[in-house]
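I have placed the structure first, in the form of C-alpha cells, so that the comments after it can refer back to it.
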Amino acid sequence: MAIQHLSSALSAPAVSAAHPMAKPGYGKRSAPGQQPRTRHDFALLPTRERYVAGFVDHLPDGAAMSVKQLAKQLPLYGQQAISTALKALSVAGHLRRVRCAVGAGDETRWVFRTFWSRTARDNEWWTTYLTTEDASRSAGSPPPVPAHAAVPQRRTAPEATPAPAPAPAPATTPTALPTVPTTPPAVPSSAYLALAELGRKDIRLALSADDCAALEPQAAEWLARGVTADYLIAALTAGLPAQVGCPPRFIRRRLTDKIPPQLPTTTANRSPSADTPARRLLMECTDCGRPGQPQALPEGLCRPCHIAHSAGGPPSPDPTEIAAVKARMANLRDLLKAP
C-alpha cells in the first residue's frame with residue numbers, strides 16, 4: 001500500500017484495555033504544558049519511533065512503561081527495537097526516566113517513573129522541570145520487600161571447642177553443670193542482604209554466600225552514599241544482557257561503574273517546613289540505567305551512551321531480526337487470505 005501521509009504511515013495501535021498499570025507511584029507521568037494532541041504529532045520522527053511515540057502518548061498516567069510490557073503490546077518490534085526507540089525519543093526530548101525517593105527513614109522507597117511530553121523539550125527545560133518536580137504529588141509507596149527471604153547463609157567461623165572442665169571434687173550435694181558459652185550467629189549487613197536478594201529478582205544474578213561476602217564492601221559503599229538497599233538492587237538489575245556469564249564479575253563491574261554520587265544527609269543549607277519530607281530525585285540513562293542528576297544526563301543519556309549514540313548513529317538492523325519480521329508479516333498475510 002502506498003503511503004499517502006508521512007504522519008499516518010504505520011499508525012500506532014489503539015491502547016488495549018489489557019495494557020497493565022504499574023504499581024502506585026510507578027509508570028508513566030505526563031509533563032505539564034503540552035500542546036493539544038493533533039494527527040501530525042511526531043511527524044518528523046522515523047517510522048518506528050513515531051509508531052512507539054503514538055502508542056505511549058495515548059497511555060494513561062500510571063501505565064507500565066517497561067520495555068518488556070511495551071513489546072508485548074507492540075508486536076511489530078521486539079524488546080531491543082523498543083529499547084532503541086525509547087532512547088531515540090529521549091534524545092528527541094519526549095521522555096526522561098527518573099528514580100524518586102519517597103518516604104522517610106527506614107520506610108524510604110524508590111519509585112520509577114517515565115516522564116512523557118508530547119511536545120519535545122530541550123535539555124534546559126527538562127533539567128529545570130525535574131529539579132523542581134514535586135516528587136510527593138500523587139506518589140504511592142510500594143510495599144516493603146522482605147529482606148530476609150531466601151538469603152544465602154553467611155559462613156561463620158566454627159565455634160571454638162571449650163577446654164574440658166576439671167573433674168569436680170566429690171560433694172555430698174548435687175551441683176549445677178557449668179554453662180558452655182555459645183557464639184551468637186552473625187547478623188548479615190544490609191549490603192549483604194541486598195546482594196543476596198539479587199538472585200530472587202533475576203536468576204541471572206544469583207550469588208553464592210562467598211560471592212556475597214566478597215562483594216559486600218563495595219555494596220556497603222553504595223549504602224554509605226545515602227542510597228537504599230532497594231535502590232542498589234534496582235541499579236544492579238536494570239538493563240541486563242540476555243546472558244550473564246559470570247554473575248560475581250558482572251556485579252563487581254557494575255558496583256564500580258555505576259556507583260552514585262555522594263548525597264547530602266543533612267539539610268543545613270535548606271529550611272523546609274517541618275511537615276515536608278525530604279525528597280531525592282535522580283534521573284537515569286534511558287539506555288543503560290545509570291543514575292545521575294538531570295544536568296549530568298543531557299538528552300537523557302549518560303556520557304558513555306551519549307558518545308556511542310553520537311559517534312555511531314542509529315545501529316544497523318540485525319539481519320536475523322529483519323528475517324523474523326518478514327516471516328511474521330508473510331504469515332499474517334497468509335492468514336488474512338485464508339477463507
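FYI, nothing fancy with the C-alpha cells labels: chains A, B, ... in order, residues from 1 per chain, ligands from 1 as they appear.
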
For region 125-129 of chain A: contacts at 10 Å, only C-alpha atoms, fewer than 4 positions along chain excluded, given as an MDAnalysis selection string: chainID A and resid 31:32 93:96 115 117 120:121 133:134 283 293:300

What lies within 6 Å of region 188-203 of chain A using only C-alpha atoms, ignoring chain neighbours under 6 positions off, as a PDB file with N, CA and C atoms, in the first residue's frame?
```
ATOM      1  N   VAL A 151      17.811 -15.882  51.824  1.00  0.00           N
ATOM      2  CA  VAL A 151      19.151 -15.304  51.898  1.00  0.00           C
ATOM      3  C   VAL A 151      20.172 -16.416  52.011  1.00  0.00           C
ATOM      4  N   CYS A 212      28.596 -13.133  47.951  1.00  0.00           N
ATOM      5  CA  CYS A 212      28.005 -12.012  48.681  1.00  0.00           C
ATOM      6  C   CYS A 212      29.006 -11.412  49.669  1.00  0.00           C
ATOM      7  N   GLU A 216      30.463  -7.606  49.436  1.00  0.00           N
ATOM      8  CA  GLU A 216      29.811  -6.811  50.479  1.00  0.00           C
ATOM      9  C   GLU A 216      30.453  -5.450  50.699  1.00  0.00           C
ATOM     10  N   ALA A 219      29.253  -3.027  48.000  1.00  0.00           N
ATOM     11  CA  ALA A 219      27.836  -2.695  48.164  1.00  0.00           C
ATOM     12  C   ALA A 219      27.629  -1.769  49.367  1.00  0.00           C
ATOM     13  N   ALA A 220      28.413  -1.983  50.422  1.00  0.00           N
ATOM     14  CA  ALA A 220      28.301  -1.129  51.606  1.00  0.00           C
ATOM     15  C   ALA A 220      28.676   0.317  51.273  1.00  0.00           C
ATOM     16  N   ALA A 229      18.782   0.071  50.072  1.00  0.00           N
ATOM     17  CA  ALA A 229      19.029  -1.262  49.523  1.00  0.00           C
ATOM     18  C   ALA A 229      18.168  -1.508  48.284  1.00  0.00           C
TER      19      ALA A 229
END
```

For Gln79 (chain A), work out the shell of residues within 8 Å, counting only C-alpha atoms and skipping chain neighbours fewer than 5 positions away, then give it as a PyMOL selection string. chain A and resi 67-68+70-71

Serialized selection, N, CA and C atoms, as an mmCIF file, in the first residue's frame:
```
data_model
loop_
_atom_site.group_PDB
_atom_site.id
_atom_site.type_symbol
_atom_site.label_atom_id
_atom_site.label_comp_id
_atom_site.auth_asym_id
_atom_site.auth_seq_id
_atom_site.Cartn_x
_atom_site.Cartn_y
_atom_site.Cartn_z
ATOM 1 N N VAL A 67 10.270 -1.985 28.949
ATOM 2 C CA VAL A 67 10.470 -2.412 27.569
ATOM 3 C C VAL A 67 9.711 -3.709 27.299
ATOM 4 N N LYS A 68 9.698 -4.614 28.256
ATOM 5 C CA LYS A 68 9.025 -5.896 28.078
ATOM 6 C C LYS A 68 7.522 -5.702 27.869
ATOM 7 N N LEU A 70 5.911 -2.956 26.859
ATOM 8 C CA LEU A 70 5.638 -2.256 25.610
ATOM 9 C C LEU A 70 5.779 -3.194 24.415
ATOM 10 N N ALA A 71 6.782 -4.079 24.460
ATOM 11 C CA ALA A 71 6.982 -5.015 23.357
ATOM 12 C C ALA A 71 5.808 -5.988 23.241
#
```

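CA of Leu255 (chain A) sits 25.3 Å away from CA of Ser90 (chain A).
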
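For the pair CA of Ser83 (chain A) and CA of Glu49 (chain A), the interatomic distance is 10.4 Å.
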
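When CA of Arg333 (chain A) is paired with CA of Pro20 (chain A), their separation reads 28.8 Å.
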